[in-house]
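S.K.: Handing you this structure, nothing more for now.
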Amino acid sequence: MIRFKRVVEGIPRNSYLRGFNHALKEGFNWSVCGFRHFFYNLKYTNSLIQKRILGNGLTFNEKQLVKTTIKDTIKIIPFSFFIIVPFAEFGLPFVIKLFPNMLPSTFALKSIKERDDNILNKRKIELLEFHSLIQNIISNLKKSDNSDIISGVNSLEKIHLELLEKNKLDQEELGKVISGPIKEEFKLENLDIETLQSISRVMGIPSTRSKLFLILRIRYRILKLKNEDKDILWDGTDQMNKQQLQKALISRFIDRNKKEYSIEEYKKLLMNWVRLSSMKQLPLSLMLWIQATRLISDNIDKL
């Protein structure tokens, strides 16, 4: 019996059949690797669920794995159709192009990473636009007759300058802002619809003209982030690998694409956000404003 490998070896090197064989091998290895990781995650998630049922707590990483595996389990059913049905795999690239979120996380693709990078770059642009809106609000507040408001504006300007020049957050001035009346001006319900829509674009929330509905969706999204931040603050970042850190930074609109960044610098970037998130009196708009100013400081030579 002639082996398939020997048949392939007999095909001329410049033949398209060799390329077809190579594509089949790559597709097979990609599928096997993806399913192997999926079933490993499924097995480990099962033990984590049992652990939780028995009353034991889960770390941030464990909670994220459970959430991801549940999502992957839902996605794996339609995805398996393209693997099981003969020749259906040829339609998979077109389906993934139309529905990129249908791919389980264990089936990594370069195009998915590129999509994530594009999303992050788009949100960075939105964050800079949001920064200019907040700067306009601060400029308008300078006209206030309230001395406490003027004092708060001065504190915000000092924070802004310190972040731009040294990329350091002035905790003393931030404390004055949090304890003063100026923070009320930056609460979601006191912002105009344009600023709220800008926040929604930064956070990847579909925009709407309804101010109330927009506020509810923003609060729901930030509540999810804050709950994650509490877990990170409690567990620390020591158990997080580079991929987990990058994923956390993306969801918090933090640039993590600099090649010179070490894993320790990733941890520092994440903890900077988490500490801000732990300040209950700090409005979301000012959190994003601080993050936007840090982004400007990091890229000031390019602007």
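Residues in the structure tokens are named by chain (A, B, ... in the order shown) and by number from 1 within that chain; ligands are numbered from 1 in the order shown.
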Applying 8 Å and only C-alpha atoms, which residues near Arg201 in chain A remain after dropping the ones on its own chain fewer than 5 positions away? List them as a PDB file with N, CA and C atoms, in the first residue's frame.
M.R.:
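Below is the file around-v9.pdb, written as the result:
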ATOM      1  N   ARG A 123     -10.145  52.726  20.488  1.00  0.00           N
ATOM      2  CA  ARG A 123     -10.559  53.225  21.801  1.00  0.00           C
ATOM      3  C   ARG A 123      -9.573  54.248  22.355  1.00  0.00           C
ATOM      4  N   GLU A 126     -10.640  57.419  20.829  1.00  0.00           N
ATOM      5  CA  GLU A 126     -11.847  57.887  21.521  1.00  0.00           C
ATOM      6  C   GLU A 126     -11.494  58.459  22.893  1.00  0.00           C
ATOM      7  N   PRO A 206     -22.577  50.404  22.705  1.00  0.00           N
ATOM      8  CA  PRO A 206     -23.353  51.052  21.635  1.00  0.00           C
ATOM      9  C   PRO A 206     -23.980  52.354  22.120  1.00  0.00           C
ATOM     10  N   SER A 207     -23.775  53.416  21.367  1.00  0.00           N
ATOM     11  CA  SER A 207     -24.264  54.731  21.775  1.00  0.00           C
ATOM     12  C   SER A 207     -25.764  54.870  21.519  1.00  0.00           C
TER      13      SER A 207
END
S.K.: Which polymer residues have any atom within 10 Å of an atom of Thr68 in chain A, counting only C-alpha atoms, with same-chain residues fewer than 4 positions away left out, as a list in words?
M.R.: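 Contacts, in chain order: Asn41, Leu42, Thr45, Glu62, Lys63, Gln64, Asp72, Thr73, Pro104, Ser105 and Thr106 of chain A.
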S.K.: Restricting the output to C-alpha atoms, write the selected residues as a short mmCIF file (atom, residue, chain, number, x, y, z; two decimals), in the first residue's frame.
M.R.:
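Contents of out-v6.cif, as written:
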data_model
loop_
_atom_site.label_atom_id
_atom_site.label_comp_id
_atom_site.auth_asym_id
_atom_site.auth_seq_id
_atom_site.Cartn_x
_atom_site.Cartn_y
_atom_site.Cartn_z
CA ASN A 41 -9.93 23.96 30.37
CA LEU A 42 -13.26 22.13 30.62
CA THR A 45 -13.26 24.36 35.17
CA GLU A 62 -9.92 31.06 38.28
CA LYS A 63 -13.08 33.16 37.89
CA GLN A 64 -11.91 34.38 34.49
CA ASP A 72 -16.26 28.62 24.75
CA THR A 73 -18.64 25.73 25.50
CA PRO A 104 -13.57 29.74 20.96
CA SER A 105 -10.63 31.32 22.79
CA THR A 106 -8.51 28.15 22.56
#
S.K.: Within 12 Å of Met271 in chain A, counting only C-alpha atoms, which residues show up once you throw out same-chain ones fewer than 6 positions away? Write them as a PyMOL selection string, please.
M.R.: chain A and resi 229-238+245+248-249+252+254+264-265+277-278
S.K.: Write out, as a compact mmCIF listing (two decimals), in the first residue's frame, the residues just selected, with N, CA and C atoms.
M.R.:
# COMPACT_ATOMS: atom_id res chain seq x y z
N ASP A 229 -11.65 44.34 39.46
CA ASP A 229 -10.55 45.08 40.09
C ASP A 229 -10.40 44.72 41.57
N LYS A 230 -11.53 44.49 42.24
CA LYS A 230 -11.49 44.08 43.65
C LYS A 230 -10.77 42.75 43.80
N ASP A 231 -11.07 41.81 42.89
CA ASP A 231 -10.42 40.50 42.93
C ASP A 231 -8.92 40.63 42.67
N ILE A 232 -8.55 41.50 41.71
CA ILE A 232 -7.13 41.70 41.40
C ILE A 232 -6.42 42.33 42.59
N LEU A 233 -7.07 43.31 43.23
CA LEU A 233 -6.49 43.98 44.39
C LEU A 233 -6.29 42.99 45.53
N TRP A 234 -7.23 42.06 45.69
CA TRP A 234 -7.16 41.07 46.76
C TRP A 234 -6.12 39.99 46.46
N ASP A 235 -6.13 39.48 45.22
CA ASP A 235 -5.24 38.36 44.86
C ASP A 235 -3.84 38.82 44.46
N GLY A 236 -3.73 40.09 44.01
CA GLY A 236 -2.46 40.55 43.47
C GLY A 236 -2.29 40.11 42.02
N THR A 237 -1.17 40.49 41.43
CA THR A 237 -0.92 40.18 40.01
C THR A 237 0.18 39.13 39.82
N ASP A 238 0.70 38.58 40.92
CA ASP A 238 1.82 37.64 40.82
C ASP A 238 1.48 36.39 40.03
N LEU A 245 -2.40 39.45 31.66
CA LEU A 245 -2.19 40.87 31.94
C LEU A 245 -2.58 41.72 30.74
N ALA A 248 -6.33 41.94 30.46
CA ALA A 248 -6.88 42.85 31.47
C ALA A 248 -6.63 44.31 31.09
N LEU A 249 -5.46 44.59 30.52
CA LEU A 249 -5.13 45.96 30.13
C LEU A 249 -6.00 46.43 28.97
N ARG A 252 -9.29 47.60 29.99
CA ARG A 252 -9.22 48.84 30.76
C ARG A 252 -8.60 49.97 29.95
N ILE A 254 -5.90 50.39 28.32
CA ILE A 254 -4.51 50.73 28.62
C ILE A 254 -3.61 50.19 27.51
N GLU A 264 6.69 43.00 34.54
CA GLU A 264 6.56 43.82 35.75
C GLU A 264 5.92 45.17 35.43
N GLU A 265 6.24 45.72 34.26
CA GLU A 265 5.65 46.99 33.86
C GLU A 265 4.17 46.82 33.53
N SER A 277 -9.55 52.55 40.72
CA SER A 277 -10.86 51.90 40.77
C SER A 277 -11.32 51.68 42.21
N SER A 278 -10.37 51.49 43.12
CA SER A 278 -10.73 51.23 44.53
C SER A 278 -11.19 52.49 45.26
S.K.: Please identify which residues in range 101-183 of chain A DSSP calls helix (DSSP H, G or I) from the backbone, and express them as number ranges by chain.
M.R.: A: 101-102, 110-141, 147-166, 171-179, 181-183
S.K.: How about saving the chosen residues, C-alpha atoms kept, as an mmCIF file, in the first residue's frame?
M.R.:
data_model
loop_
_atom_site.group_PDB
_atom_site.id
_atom_site.type_symbol
_atom_site.label_atom_id
_atom_site.label_comp_id
_atom_site.auth_asym_id
_atom_site.auth_seq_id
_atom_site.Cartn_x
_atom_site.Cartn_y
_atom_site.Cartn_z
ATOM 1 C CA ASN A 101 -16.652 36.272 18.144
ATOM 2 C CA MET A 102 -17.883 32.771 17.268
ATOM 3 C CA LYS A 110 -3.419 36.030 14.155
ATOM 4 C CA SER A 111 -6.394 37.903 12.701
ATOM 5 C CA ILE A 112 -8.110 37.877 16.129
ATOM 6 C CA LYS A 113 -5.060 39.500 17.734
ATOM 7 C CA GLU A 114 -4.965 42.087 14.938
ATOM 8 C CA ARG A 115 -8.671 42.778 15.521
ATOM 9 C CA ASP A 116 -8.023 43.291 19.263
ATOM 10 C CA ASP A 117 -5.174 45.681 18.441
ATOM 11 C CA ASN A 118 -7.430 47.627 16.062
ATOM 12 C CA ILE A 119 -10.148 47.849 18.727
ATOM 13 C CA LEU A 120 -7.621 49.104 21.290
ATOM 14 C CA ASN A 121 -6.232 51.707 18.862
ATOM 15 C CA LYS A 122 -9.757 52.924 18.097
ATOM 16 C CA ARG A 123 -10.559 53.225 21.801
ATOM 17 C CA LYS A 124 -7.314 55.105 22.401
ATOM 18 C CA ILE A 125 -8.438 57.681 19.824
ATOM 19 C CA GLU A 126 -11.847 57.887 21.521
ATOM 20 C CA LEU A 127 -10.077 58.308 24.875
ATOM 21 C CA LEU A 128 -8.115 61.288 23.547
ATOM 22 C CA GLU A 129 -11.337 62.873 22.248
ATOM 23 C CA PHE A 130 -12.935 62.289 25.647
ATOM 24 C CA HIS A 131 -9.926 63.977 27.282
ATOM 25 C CA SER A 132 -10.556 67.153 25.277
ATOM 26 C CA LEU A 133 -14.230 67.179 26.381
ATOM 27 C CA ILE A 134 -13.236 66.948 30.050
ATOM 28 C CA GLN A 135 -10.647 69.690 29.543
ATOM 29 C CA ASN A 136 -13.440 71.904 28.182
ATOM 30 C CA ILE A 137 -15.539 71.199 31.284
ATOM 31 C CA ILE A 138 -12.578 72.113 33.515
ATOM 32 C CA SER A 139 -12.057 75.354 31.553
ATOM 33 C CA ASN A 140 -15.741 76.281 31.944
ATOM 34 C CA LEU A 141 -15.604 75.586 35.688
ATOM 35 C CA SER A 147 -14.380 79.282 45.705
ATOM 36 C CA ASP A 148 -14.494 75.544 46.474
ATOM 37 C CA ILE A 149 -15.059 74.788 42.789
ATOM 38 C CA ILE A 150 -12.142 77.053 41.812
ATOM 39 C CA SER A 151 -9.955 75.265 44.372
ATOM 40 C CA GLY A 152 -10.960 71.928 42.833
ATOM 41 C CA VAL A 153 -10.125 73.206 39.337
ATOM 42 C CA ASN A 154 -6.663 74.216 40.553
ATOM 43 C CA SER A 155 -6.161 70.722 41.975
ATOM 44 C CA LEU A 156 -7.206 69.139 38.667
ATOM 45 C CA GLU A 157 -4.780 71.366 36.760
ATOM 46 C CA LYS A 158 -1.938 70.368 39.101
ATOM 47 C CA ILE A 159 -2.828 66.687 38.621
ATOM 48 C CA HIS A 160 -2.893 67.175 34.850
ATOM 49 C CA LEU A 161 0.483 68.926 34.774
ATOM 50 C CA GLU A 162 2.115 66.319 37.033
ATOM 51 C CA LEU A 163 0.825 63.486 34.839
ATOM 52 C CA LEU A 164 1.994 65.148 31.617
ATOM 53 C CA GLU A 165 5.466 66.068 32.878
ATOM 54 C CA LYS A 166 6.322 63.116 35.141
ATOM 55 C CA GLN A 171 -2.354 61.757 45.427
ATOM 56 C CA GLU A 172 -2.619 64.802 47.685
ATOM 57 C CA GLU A 173 -4.374 66.911 45.041
ATOM 58 C CA LEU A 174 -6.556 63.958 44.028
ATOM 59 C CA GLY A 175 -7.633 63.644 47.663
ATOM 60 C CA LYS A 176 -8.736 67.303 47.590
ATOM 61 C CA VAL A 177 -10.799 66.657 44.448
ATOM 62 C CA ILE A 178 -12.496 63.596 45.944
ATOM 63 C CA SER A 179 -13.316 65.359 49.203
ATOM 64 C CA PRO A 181 -17.732 69.548 45.760
ATOM 65 C CA ILE A 182 -16.106 69.614 42.322
ATOM 66 C CA LYS A 183 -16.422 65.837 41.988
#
S.K.: When you look at Ile205 in chain A with a cut-off of 10 Å (counting only C-alpha atoms), what residues show up, excluding the ones that are within fewer than 4 positions of it in the same chain? I need them as a PDB file with C-alpha atoms, in the first residue's frame.
M.R.:
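Dumped to part-v6.pdb:
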ATOM      1  CA  GLN A 197     -21.629  59.154  24.327  1.00  0.00           C
ATOM      2  CA  SER A 198     -17.866  59.666  24.304  1.00  0.00           C
ATOM      3  CA  ILE A 199     -17.542  57.493  27.441  1.00  0.00           C
ATOM      4  CA  SER A 200     -19.699  54.810  25.822  1.00  0.00           C
ATOM      5  CA  ARG A 201     -17.457  54.742  22.732  1.00  0.00           C
ATOM      6  CA  LEU A 214     -26.746  55.342  28.467  1.00  0.00           C
ATOM      7  CA  ARG A 217     -25.314  50.755  30.527  1.00  0.00           C
ATOM      8  CA  ILE A 218     -22.131  52.613  31.518  1.00  0.00           C
ATOM      9  CA  ARG A 221     -20.078  47.964  32.506  1.00  0.00           C
TER      10      ARG A 221
END
S.K.: Would you mind reading off the distance between CA of Gln243 in chain A and CA of Leu288 in chain A, one decimal, in Å?
M.R.: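 Atom-to-atom, CA of Gln243 in chain A and CA of Leu288 in chain A are spaced 23.3 Å apart.
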S.K.: Applying 12 Å and only C-alpha atoms, which residues near Asn190 in chain A remain after dropping the ones on its own chain fewer than 5 positions away? List them as a PyMOL selection string.
M.R.: chain A and resi 137+182-185+195-196+211-212+215+283+285
S.K.: Would you export the selected residues with N, CA and C atoms as a compact mmCIF listing (two decimals), in the first residue's frame, please?
M.R.:
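Output (selection-v6.txt):
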# COMPACT_ATOMS: atom_id res chain seq x y z
N ILE A 137 -14.73 71.06 30.06
CA ILE A 137 -15.54 71.20 31.28
C ILE A 137 -14.72 71.90 32.36
N ILE A 182 -16.32 69.63 43.77
CA ILE A 182 -16.11 69.61 42.32
C ILE A 182 -16.36 68.23 41.72
N LYS A 183 -16.21 67.19 42.53
CA LYS A 183 -16.42 65.84 41.99
C LYS A 183 -17.86 65.63 41.50
N GLU A 184 -18.80 66.41 42.10
CA GLU A 184 -20.20 66.30 41.69
C GLU A 184 -20.39 66.70 40.22
N GLU A 185 -19.55 67.61 39.74
CA GLU A 185 -19.65 68.09 38.36
C GLU A 185 -19.30 67.00 37.34
N THR A 195 -20.73 64.03 26.19
CA THR A 195 -19.67 63.43 27.01
C THR A 195 -20.00 61.98 27.35
N LEU A 196 -21.27 61.71 27.64
CA LEU A 196 -21.69 60.34 27.94
C LEU A 196 -21.51 59.43 26.73
N LYS A 211 -30.25 59.56 27.55
CA LYS A 211 -29.25 59.80 28.59
C LYS A 211 -29.38 58.78 29.72
N LEU A 212 -30.60 58.51 30.15
CA LEU A 212 -30.84 57.58 31.25
C LEU A 212 -30.36 56.17 30.89
N ILE A 215 -26.54 56.01 30.79
CA ILE A 215 -25.96 55.99 32.14
C ILE A 215 -26.07 54.59 32.75
N PRO A 283 -15.22 59.76 40.55
CA PRO A 283 -16.14 59.52 39.41
C PRO A 283 -15.43 58.82 38.25
N SER A 285 -15.66 59.40 35.12
CA SER A 285 -15.16 60.35 34.11
C SER A 285 -13.75 60.83 34.45
S.K.: Rank A:Asn61, A:Ser31, A:Asn46, A:Ser144 by their smallest atom-to-atom distance to Phe79 in chain A, using only C-alpha atoms, and report the top residue only.
M.R.: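 Closest to Phe79 in chain A of all the choices is A:Ser31.
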S.K.: Point out the residue among A:Leu54, A:Leu65, A:Ile222, A:Ile290 with the least atom-to-atom distance to Met240 in chain A, counting only C-alpha atoms.
M.R.: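 Of the candidates, the smallest distance to Met240 in chain A is held by A:Leu65.
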S.K.: Could you please determine the separation between CA of Lys75 in chain A and CA of Cys33 in chain A in Å, to one decimal place?
M.R.: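 So the two atoms, CA of Lys75 in chain A and CA of Cys33 in chain A, lie 16.4 Å apart.
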S.K.: Between A:Gly180, A:Asp145, A:Ala292, A:Arg209, which one has atoms that come closest to Asp192 in chain A, using only C-alpha atoms?
M.R.: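 Among the listed residues, the smallest separation from Asp192 in chain A belongs to A:Arg209.
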S.K.: What is the distance between CA of Asn227 in chain A and CA of Val274 in chain A, in Å to one decimal?
M.R.: 10.3 Å
